[in-house]
>>> print(open('entry_35.txt').read())   # compact mmCIF, C-alpha atoms
# COMPACT_ATOMS: atom_id res chain seq x y z
CA MET X 1 5.14 230.84 107.08
CA ASN X 2 3.94 228.97 110.17
CA ARG X 3 4.67 229.80 113.80
CA SER X 4 7.48 227.26 114.31
CA THR X 5 9.21 228.40 111.11
CA VAL X 6 9.12 232.05 112.22
CA ILE X 7 10.57 231.16 115.63
CA CYS X 8 13.28 229.05 114.03
CA HIS X 9 14.25 231.94 111.75
CA MET X 10 14.31 234.38 114.68
CA LEU X 11 16.76 232.18 116.55
CA MET X 12 18.88 231.40 113.49
CA ALA X 13 19.22 235.09 112.72
CA LEU X 14 20.67 235.70 116.18
CA ASP X 15 22.94 232.65 116.46
CA GLY X 16 26.56 233.77 116.58
CA LYS X 17 26.06 237.04 114.71
CA GLU X 18 25.31 239.59 117.41
CA THR X 19 24.41 239.86 121.05
CA ILE X 20 21.17 238.08 121.83
CA GLU X 21 18.76 240.25 123.79
CA CYS X 22 17.20 237.30 125.61
CA GLU X 23 14.51 239.18 127.50
CA VAL X 24 13.35 240.95 124.33
CA LEU X 25 13.29 237.66 122.42
CA LEU X 26 11.24 235.91 125.13
CA ARG X 27 8.85 238.85 125.41
CA LYS X 28 8.28 238.81 121.63
CA LEU X 29 7.71 235.06 121.60
CA LYS X 30 5.06 235.55 124.28
CA THR X 31 3.32 238.62 122.84
CA LEU X 32 3.49 237.68 119.15
CA PHE X 33 3.01 233.92 119.39
CA GLY X 34 1.54 233.23 122.85
CA ILE X 35 4.54 231.11 123.87
CA ASN X 36 5.01 230.98 127.65
CA ARG X 37 7.64 228.23 127.95
CA VAL X 38 10.75 227.69 125.86
CA LEU X 39 13.02 224.67 125.61
CA LEU X 40 16.48 226.13 125.12
CA ALA X 41 18.53 223.62 123.14
CA GLY X 42 21.09 226.02 121.83
CA GLY X 43 24.82 225.86 121.53
CA GLY X 44 27.19 226.94 124.27
CA VAL X 45 27.00 230.65 123.41
CA THR X 46 23.19 230.73 123.39
CA ASN X 47 23.03 228.74 126.64
CA GLN X 48 25.57 231.04 128.36
CA THR X 49 23.79 234.17 127.18
CA PHE X 50 20.45 233.04 128.63
CA ALA X 51 22.14 231.81 131.84
CA ALA X 52 24.02 235.09 132.34
CA ALA X 53 20.70 236.93 131.98
CA GLY X 54 19.19 234.72 134.71
CA LEU X 55 16.63 233.29 132.29
CA ILE X 56 17.22 229.55 132.73
CA ASP X 57 14.74 228.08 135.21
CA GLU X 58 16.05 224.54 135.00
CA LEU X 59 19.15 222.89 133.56
CA SER X 60 18.71 219.26 132.49
CA ILE X 61 21.81 217.19 131.70
CA VAL X 62 21.91 213.54 130.70
CA LEU X 63 25.30 212.10 131.62
CA ALA X 64 26.28 208.92 129.78
CA PRO X 65 29.41 206.97 130.76
CA THR X 66 31.20 207.55 127.47
CA ALA X 67 34.53 209.32 126.95
CA ASP X 68 35.29 211.45 123.91
CA GLY X 69 38.73 213.04 123.92
CA ASP X 70 38.04 215.27 120.93
CA SER X 71 39.19 218.78 121.84
CA GLY X 72 36.73 220.18 119.29
CA CYS X 73 33.68 218.98 121.20
CA ALA X 74 31.07 221.61 121.95
CA SER X 75 30.61 222.74 125.52
CA LEU X 76 27.30 223.36 127.28
CA PHE X 77 28.23 226.94 128.10
CA GLU X 78 30.71 229.31 126.48
CA THR X 79 30.83 233.06 126.08
CA GLY X 80 32.10 233.35 122.54
CA GLY X 81 32.76 237.00 123.39
CA PHE X 82 29.01 237.75 123.37
CA SER X 83 28.14 237.70 127.07
CA PRO X 84 29.78 238.45 130.42
CA ALA X 85 32.31 235.84 131.52
CA ALA X 86 31.01 235.74 135.11
CA PRO X 87 30.24 232.20 136.26
CA VAL X 88 26.60 231.18 136.62
CA ALA X 89 25.83 228.86 139.53
CA PHE X 90 23.19 226.14 139.69
CA SER X 91 21.82 224.06 142.60
CA LEU X 92 21.11 220.36 142.28
CA LYS X 93 17.37 219.67 142.13
CA ALA X 94 17.28 215.94 141.32
CA VAL X 95 19.34 212.95 140.17
CA GLU X 96 17.82 209.93 138.48
CA GLN X 97 19.54 206.83 137.14
CA ILE X 98 18.12 205.91 133.76
CA GLU X 99 18.93 203.16 131.28
CA ASN X 100 21.78 201.27 132.90
CA ASP X 101 24.55 203.65 134.00
CA THR X 102 23.16 206.89 132.59
CA LEU X 103 22.28 209.75 134.95
CA TRP X 104 19.72 212.48 134.48
CA LEU X 105 20.84 215.55 136.45
CA ARG X 106 18.44 218.44 137.01
CA TYR X 107 19.55 221.80 138.37
CA ILE X 108 17.92 225.13 139.15
CA LEU X 109 19.57 228.52 138.84
CA LYS X 110 21.00 229.84 142.11
CA LYS X 111 19.48 233.26 142.82
>>> encode(input="entry_35.txt", output="structure tokens")
Amino acid sequence: MNRSTVICHMLMALDGKETIECEVLLRKLKTLFGINRVLLAGGGVTNQTFAAAGLIDELSIVLAPTADGDSGCASLFETGGFSPAAPVAFSLKAVEQIENDTLWLRYILKK
């Protein structure tokens, strides 16, 4: 089993089944695999869990001018009952207009 497969299985095993111990996970990725940076592209629960633990350095959102009224759409952050419901605040770092009317918003975690 290669490194990326092991990491994928570690994250899949945690997704939605139990509380994610983010700091432990990141420490193991670093010590076992030498990984120093992680791109978090999880669902709302995973994103909220890492944000609540103060482990998101930068939030990158691409905003396209498209409306989808589906109430079943996934959200960027949600607790799912796995993490504290306290809001997590971010500060705007940069805004860039890309490809016509699309915006790339970059935020950093407020300390």
>>> residues_around(input="entry_35.txt", residues="segment 76-81 of chain X", least_positions_apart="2", cutoff="6 Å", atoms="all atoms listed in the file", output="MDAnalysis selection string")
chainID X and resid 44:45 47:48 83
>>> residues_around(input="entry_35.txt", residues="Ala64 of chain X", least_positions_apart="4", cutoff="10 Å", atoms="all atoms listed in the file", output="PDB file with C-alpha atoms, in the frame of the given file")
ATOM      1  CA  ILE X  98      18.120 205.910 133.760  1.00  0.00           C
ATOM      2  CA  GLU X  99      18.930 203.160 131.280  1.00  0.00           C
ATOM      3  CA  ASN X 100      21.780 201.270 132.900  1.00  0.00           C
ATOM      4  CA  ASP X 101      24.550 203.650 134.000  1.00  0.00           C
ATOM      5  CA  THR X 102      23.160 206.890 132.590  1.00  0.00           C
ATOM      6  CA  LEU X 103      22.280 209.750 134.950  1.00  0.00           C
ATOM      7  CA  TRP X 104      19.720 212.480 134.480  1.00  0.00           C
TER       8      TRP X 104
END
>>> atom_distance(input="entry_35.txt", atom1="atom CA of Asp57 of chain X", atom2="atom CA of Ile108 of chain X")
5.9 Å
>>> closest_residue(input="entry_35.txt", among="X:Lys110, X:Arg37, X:Lys30, X:Lys93", to="Ile61 of chain X", atoms="all atoms listed in the file")
X:Lys93
>>> closest_residue(input="entry_35.txt", among="X:Asp68, X:Gln97, X:Ser91, X:Ala53", to="Val24 of chain X", atoms="only C-alpha atoms")
X:Ala53
>>> closest_residue(input="entry_35.txt", among="X:Ala52, X:Ala67, X:Val62, X:Cys73", to="Ala94 of chain X", atoms="only C-alpha atoms")
X:Val62
>>> closest_residue(input="entry_35.txt", among="X:Leu29, X:Thr66, X:Ser60, X:Gly72", to="Leu92 of chain X", atoms="only C-alpha atoms")
X:Ser60
>>> atom_distance(input="entry_35.txt", atom1="atom CA of Leu63 of chain X", atom2="atom CA of Glu23 of chain X")
29.4 Å
>>> closest_residue(input="entry_35.txt", among="X:Leu59, X:Phe90, X:Ser75, X:Pro65", to="Arg106 of chain X", atoms="all atoms listed in the file")
X:Leu59
>>> closest_residue(input="entry_35.txt", among="X:Leu26, X:Ala86, X:Leu40, X:Leu32", to="Glu58 of chain X", atoms="all atoms listed in the file")
X:Leu40
